[in-house]
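Asker: Can you keep this structure in mind? I'll have questions shortly.
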Amino acid sequence: MVALLANLKVAIALLLTIALFSILGTVIEQGQTIDFYRENYPEHPALFGFLSYRVILAIGLEHVYGSWWFLTLLILFGTSLTACTFNRQLPILKASKRWFYYTKPQSFAKLPLATEIVGGNLTNLAQSLQNRNYKVYQADDRLYARKGLIGRIGPIVVHASMLLVLIGSIWGSLTGFIAQEIIPSGETFQVQNITEAGAWSANQVPKDWSVKVNRFWIDYTPKGTVDQFYSDLSILDRDGKEVDRQTIHVNKPLKYRGVTFYQANWDIHAVRFTLNNSPVLQLPVSKLEPQNGGRQVWGTWIPTKPDLSAGVTLITPDLQGTFLIYDEKGNLLTTVRTNGSAEINGITFTLKEAIGSTGLQIKADPGIPIVYTGFGLLMLGVIMSYVSHSQVWALQVGDRLYIGGKTNRAQVSFEAELIDVTEAIVPSELAVKAIA
């Protein structure tokens with residue numbers, strides 16, 4: 001079983017399978033409702049002829065990264081990497097650290113590069129190799145030199161880094177959560193609307209602190225399109241004391257105790273107004289379905305008589321502060337802006353403000369530091385793996401010096417280096433001809 005898992009073809013097959021399902025998890029929307037998948041992935045016609053909502057729900061493609069079979073694939077791939085490391089990479093490193101001398105001239109014929117120099121000096125050769133950062137071992141008339149052992153360690157670091165990435169991904173899936181909240185300006189909330197959660201995520205959900213939305217607003221371009229969303233958030237401890245305060249926007253989240261708050265969406269929550277000299281009143285605003293592909297709008301009904309027998313409808317497409325007022329027959333009466341007034345059905349309507357709601361996506365993933373550490377080690381391991389492990393042997397027999405060597409990569413560069421080494425101890429013409 002260990003030999004099977006250590007097989008390179010098995011590791012590649014597992015990696016490709018993980019990549020395939022990761023692509024599906026990216027393409028297929030994750031964590032949506034059953035109605036969403038039924039509407040977007042019907043049985044007739046099914047996507048690619050087979051991918052319908054029934055298949056998605058049956059296999060678990062609506063939450064790929066937290067499914068048991070995806071975690072199983074990650075564990076199998078991690079086991080394969082571990083088996084390969086112990087069965088292949090560590091023995092190769094151990095063999096590379098062992099060294100020996102050649103004691104017979106005939107042994108040099110087995111090496112990829114070898115030469116015989118008349119009048120060569122072993123001591124001069126040792127010095128020339130040391131000048132090129134070789135570690136030299138010399139005993140009487142024999143010599144062994146090597147450099148680039150770090151290149152043999154590189155693949156082991158790569159495997160270890162990939163294991164860290166897998167461990168971080170699994171740990172994040174088991175202990176992390178994703179939540180979504182729509183909170184009006186001025187309200188305080190605790191994280192409750194959790195859409196995805198790992199089996200051990202309970203300790204990550206905030207219980208002893210809450211968040212207050214001090215204000216939510218939108219900046220618009222001169223053309224009236226949305227430029228940026230902003231939420232002024234305060235972190236409150238158990239006693240309601242502010243311990244942190246930040247203004248977030250898209251691509252600038254708030255992070256506190258391992259929980260990250262992203263600016264993701266917005267809504268219009270309510271409208272505040274007065275009728276004649278009444279106190280400030282507040283009514284909720286509802287999102288209305290756009291007609292024939294039209295623009296999204298929000299609206300509410302304002303009664304203009306105490307018995308609710310008459311009223312007007314307020315419509316707005318955004319939070320810029322302008323409302324359209326329609327009568328009961330759908331005729332446009334007038335428009336009113338924030339802090340503006342209008343005469344409607346014999347009363348004075350004054351618009352105080354429209355209250356926006358911020359849409360926050362909230363995530364906690366304790367595996368991220370482990371994943372980032374793994375990717376950092378992966379880059380280091382890849383760089384280390386490009387270092388050539390080069391070995392040189394030499395034997396002095398009378399006035400003849402036998403030199404040979406081999407490397408695991410960059411063969412041409414190693415041959416040029418060996419020529420330079422021999423040129424340092426004999427005339428260059430002789431050295432080049434001998435190695436060639």
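Identifiers for the structure tokens are assigned positionally: chains receive A, B, ... in sequence, residues are indexed from 1 per chain, and ligands are indexed from 1 in the order shown.
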Got a sec: who's within 10 Å of segment 5-11 of chain A, counting only C-alpha atoms, leaving out chain neighbours fewer than 2 positions off, as an NGL selection string?

Answerer: :A and (1-3 or 13-17 or 76-88)

Asker: Assign secondary structure with DSSP using the backbone only, and return the residues of segment 190-262 of chain A in strand (DSSP E) as a ChimeraX atom specification.

Answerer: /A:194-197,210-220,226-236,242-249,254-256,259-262

Asker: From a backbone DSSP assignment, name each residue in segment 83-332 of chain A labelled alpha helix (DSSP H), as a ChimeraX atom specification.

Answerer: /A:83-84,90-97,122-130,150-175

Asker: Limited to N, CA and C atoms, could you put the picked residues into a file as a short mmCIF file (atom, residue, chain, number, x, y, z; two decimals), in the first residue's frame?

Answerer:
```
data_model
loop_
_atom_site.label_atom_id
_atom_site.label_comp_id
_atom_site.auth_asym_id
_atom_site.auth_seq_id
_atom_site.Cartn_x
_atom_site.Cartn_y
_atom_site.Cartn_z
N ALA A 83 4.73 9.43 1.82
CA ALA A 83 5.33 8.15 1.44
C ALA A 83 6.46 8.37 0.44
N CYS A 84 6.26 9.26 -0.52
CA CYS A 84 7.30 9.56 -1.51
C CYS A 84 8.52 10.17 -0.85
N LEU A 90 14.27 11.11 0.93
CA LEU A 90 15.20 10.98 2.05
C LEU A 90 16.32 9.98 1.75
N PRO A 91 16.03 8.82 1.13
CA PRO A 91 17.14 7.93 0.75
C PRO A 91 18.11 8.59 -0.25
N ILE A 92 17.58 9.39 -1.19
CA ILE A 92 18.46 10.08 -2.15
C ILE A 92 19.36 11.07 -1.41
N LEU A 93 18.79 11.81 -0.46
CA LEU A 93 19.59 12.75 0.32
C LEU A 93 20.65 12.02 1.15
N LYS A 94 20.25 10.89 1.75
CA LYS A 94 21.19 10.12 2.55
C LYS A 94 22.33 9.58 1.70
N ALA A 95 22.00 9.12 0.49
CA ALA A 95 23.04 8.62 -0.41
C ALA A 95 23.95 9.75 -0.88
N SER A 96 23.40 10.94 -1.07
CA SER A 96 24.21 12.07 -1.53
C SER A 96 25.18 12.53 -0.46
N LYS A 97 24.83 12.32 0.79
CA LYS A 97 25.73 12.75 1.88
C LYS A 97 26.89 11.78 2.08
N LEU A 122 47.59 17.21 -7.33
CA LEU A 122 46.35 17.01 -6.56
C LEU A 122 46.09 18.18 -5.61
N THR A 123 47.14 18.72 -5.05
CA THR A 123 46.98 19.85 -4.11
C THR A 123 46.46 21.08 -4.84
N ASN A 124 47.00 21.34 -6.03
CA ASN A 124 46.51 22.47 -6.81
C ASN A 124 45.04 22.28 -7.22
N LEU A 125 44.70 21.04 -7.53
CA LEU A 125 43.31 20.74 -7.88
C LEU A 125 42.39 21.01 -6.70
N ALA A 126 42.80 20.60 -5.51
CA ALA A 126 41.99 20.83 -4.31
C ALA A 126 41.76 22.32 -4.09
N GLN A 127 42.81 23.12 -4.28
CA GLN A 127 42.68 24.56 -4.10
C GLN A 127 41.75 25.17 -5.14
N SER A 128 41.87 24.70 -6.39
CA SER A 128 41.01 25.21 -7.46
C SER A 128 39.54 24.89 -7.18
N LEU A 129 39.28 23.70 -6.65
CA LEU A 129 37.90 23.33 -6.33
C LEU A 129 37.36 24.14 -5.15
N GLN A 130 38.20 24.37 -4.15
CA GLN A 130 37.76 25.16 -3.00
C GLN A 130 37.43 26.59 -3.41
N ILE A 150 22.41 21.28 -1.09
CA ILE A 150 21.11 21.90 -0.80
C ILE A 150 20.09 21.58 -1.90
N GLY A 151 20.59 21.30 -3.13
CA GLY A 151 19.70 20.93 -4.22
C GLY A 151 18.99 19.62 -3.97
N ARG A 152 19.60 18.74 -3.17
CA ARG A 152 18.95 17.47 -2.80
C ARG A 152 17.93 17.68 -1.68
N ILE A 153 18.12 18.75 -0.90
CA ILE A 153 17.18 19.04 0.18
C ILE A 153 15.95 19.74 -0.37
N GLY A 154 16.11 20.46 -1.50
CA GLY A 154 15.00 21.22 -2.08
C GLY A 154 13.74 20.43 -2.29
N PRO A 155 13.78 19.24 -2.94
CA PRO A 155 12.55 18.47 -3.14
C PRO A 155 11.86 18.07 -1.83
N ILE A 156 12.66 17.83 -0.79
CA ILE A 156 12.07 17.48 0.50
C ILE A 156 11.33 18.69 1.08
N VAL A 157 11.93 19.89 0.92
CA VAL A 157 11.27 21.11 1.38
C VAL A 157 9.98 21.34 0.58
N VAL A 158 10.02 21.06 -0.72
CA VAL A 158 8.82 21.21 -1.55
C VAL A 158 7.70 20.30 -1.05
N HIS A 159 8.05 19.04 -0.78
CA HIS A 159 7.05 18.10 -0.28
C HIS A 159 6.50 18.55 1.07
N ALA A 160 7.40 19.01 1.96
CA ALA A 160 6.96 19.46 3.28
C ALA A 160 6.05 20.68 3.16
N SER A 161 6.37 21.59 2.24
CA SER A 161 5.54 22.79 2.06
C SER A 161 4.16 22.43 1.53
N MET A 162 4.09 21.49 0.61
CA MET A 162 2.80 21.05 0.08
C MET A 162 1.97 20.38 1.17
N LEU A 163 2.63 19.64 2.05
CA LEU A 163 1.92 19.03 3.18
C LEU A 163 1.36 20.11 4.10
N LEU A 164 2.13 21.19 4.31
CA LEU A 164 1.63 22.28 5.14
C LEU A 164 0.41 22.94 4.50
N VAL A 165 0.44 23.12 3.18
CA VAL A 165 -0.70 23.70 2.49
C VAL A 165 -1.94 22.81 2.65
N LEU A 166 -1.74 21.50 2.50
CA LEU A 166 -2.86 20.57 2.66
C LEU A 166 -3.38 20.57 4.09
N ILE A 167 -2.47 20.57 5.07
CA ILE A 167 -2.89 20.59 6.48
C ILE A 167 -3.66 21.87 6.78
N GLY A 168 -3.15 23.01 6.28
CA GLY A 168 -3.83 24.27 6.50
C GLY A 168 -5.21 24.29 5.87
N SER A 169 -5.33 23.72 4.66
CA SER A 169 -6.63 23.68 3.98
C SER A 169 -7.62 22.81 4.75
N ILE A 170 -7.16 21.66 5.21
CA ILE A 170 -8.05 20.77 5.97
C ILE A 170 -8.45 21.40 7.29
N TRP A 171 -7.47 22.00 7.98
CA TRP A 171 -7.76 22.62 9.27
C TRP A 171 -8.74 23.78 9.10
N GLY A 172 -8.56 24.58 8.03
CA GLY A 172 -9.48 25.67 7.77
C GLY A 172 -10.88 25.19 7.47
N SER A 173 -10.99 24.08 6.72
CA SER A 173 -12.32 23.53 6.40
C SER A 173 -13.04 23.03 7.63
N LEU A 174 -12.29 22.48 8.58
CA LEU A 174 -12.89 21.90 9.78
C LEU A 174 -13.20 22.94 10.85
N THR A 175 -12.41 24.01 10.91
CA THR A 175 -12.55 24.96 12.02
C THR A 175 -13.05 26.34 11.59
#
```

Asker: What is the atom CA of Ile370 of chain A-atom CA of Phe21 of chain A distance in Å, reported with one decimal?

Answerer: 22.0 Å

Asker: Within 6 Å of segment 348-362 of chain A, which residues of segment 99-199 of chain A come that close, and what is the closest atom pair and distance in Å for each? Count only C-alpha atoms and give it as CSV.

Answerer:
```
residue,atom,partner,partner_atom,distance
A:Ile178,CA,A:Ile362,CA,5.6
A:Ala179,CA,A:Ile362,CA,4.9
A:Gln180,CA,A:Gln361,CA,4.7
A:Glu181,CA,A:Leu360,CA,5.3
A:Ile182,CA,A:Gly359,CA,4.5
A:Ile183,CA,A:Ser357,CA,5.1
A:Pro184,CA,A:Ser357,CA,3.8
A:Ser185,CA,A:Ser357,CA,5.8
```

Asker: Set the distance at 10 Å and use only C-alpha atoms: which residues neighbour Ile56 of chain A once local chain neighbours fewer than 6 positions away are removed? I'd like the list as a list in words.

Answerer: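 Final neighbour list, sorted by chain and number: Ile28, Tyr37, Arg38, Tyr41, Phe50, Glu62, His63 and Val64 of chain A.
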
Asker: For Leu288 of chain A, which residue out of A:Val211, A:Leu418, A:Leu314, A:Leu113 is the nearest one, using only C-alpha atoms?

Answerer: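 For Leu288 of chain A, the nearest of the given residues is A:Leu314.
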
Asker: Could you pull the residues within 9 Å of Asp244 of chain A, counting only C-alpha atoms, minus those fewer than 4 positions along the same chain, as a list in words?

Answerer: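 My list of contacting residues is Leu233, Ser234, Ile235, Leu236 and Tyr256 of chain A.
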
Asker: Generate a file of the selected residues that holds N, CA and C atoms, formatted as an mmCIF file, in the first residue's frame.

Answerer:
```
data_model
loop_
_atom_site.group_PDB
_atom_site.id
_atom_site.type_symbol
_atom_site.label_atom_id
_atom_site.label_comp_id
_atom_site.auth_asym_id
_atom_site.auth_seq_id
_atom_site.Cartn_x
_atom_site.Cartn_y
_atom_site.Cartn_z
ATOM 1 N N LEU A 233 -17.197 50.690 11.196
ATOM 2 C CA LEU A 233 -17.517 49.618 12.144
ATOM 3 C C LEU A 233 -16.750 49.795 13.445
ATOM 4 N N SER A 234 -17.414 49.469 14.556
ATOM 5 C CA SER A 234 -16.776 49.454 15.872
ATOM 6 C C SER A 234 -16.892 48.066 16.474
ATOM 7 N N ILE A 235 -15.803 47.578 17.047
ATOM 8 C CA ILE A 235 -15.806 46.317 17.782
ATOM 9 C C ILE A 235 -16.080 46.630 19.245
ATOM 10 N N LEU A 236 -17.118 46.004 19.810
ATOM 11 C CA LEU A 236 -17.512 46.242 21.194
ATOM 12 C C LEU A 236 -17.278 44.993 22.028
ATOM 13 N N TYR A 256 -10.280 41.059 13.177
ATOM 14 C CA TYR A 256 -10.246 41.104 14.636
ATOM 15 C C TYR A 256 -10.364 39.685 15.177
#
```

Asker: So that I can see what lies close to Phe177 of chain A, please list as a PyMOL selection string the residues with an atom at most 6 Å from it, counting only C-alpha atoms and leaving out residues fewer than 5 positions away in the same chain.

Answerer: chain A and resi 196-197+363-364

Asker: Rounded to one decimal, what separation in Å do you get between atom CA of Asn276 of chain A and atom CA of Ile315 of chain A?

Answerer: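 Atom CA of Ile315 of chain A lies 20.5 Å from atom CA of Asn276 of chain A.
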
Asker: Suppose you want the space between atom CA of Ala424 of chain A and atom CA of Met384 of chain A; what is it in Å?

Answerer: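 Atom CA of Ala424 of chain A sits 28.9 Å away from atom CA of Met384 of chain A.
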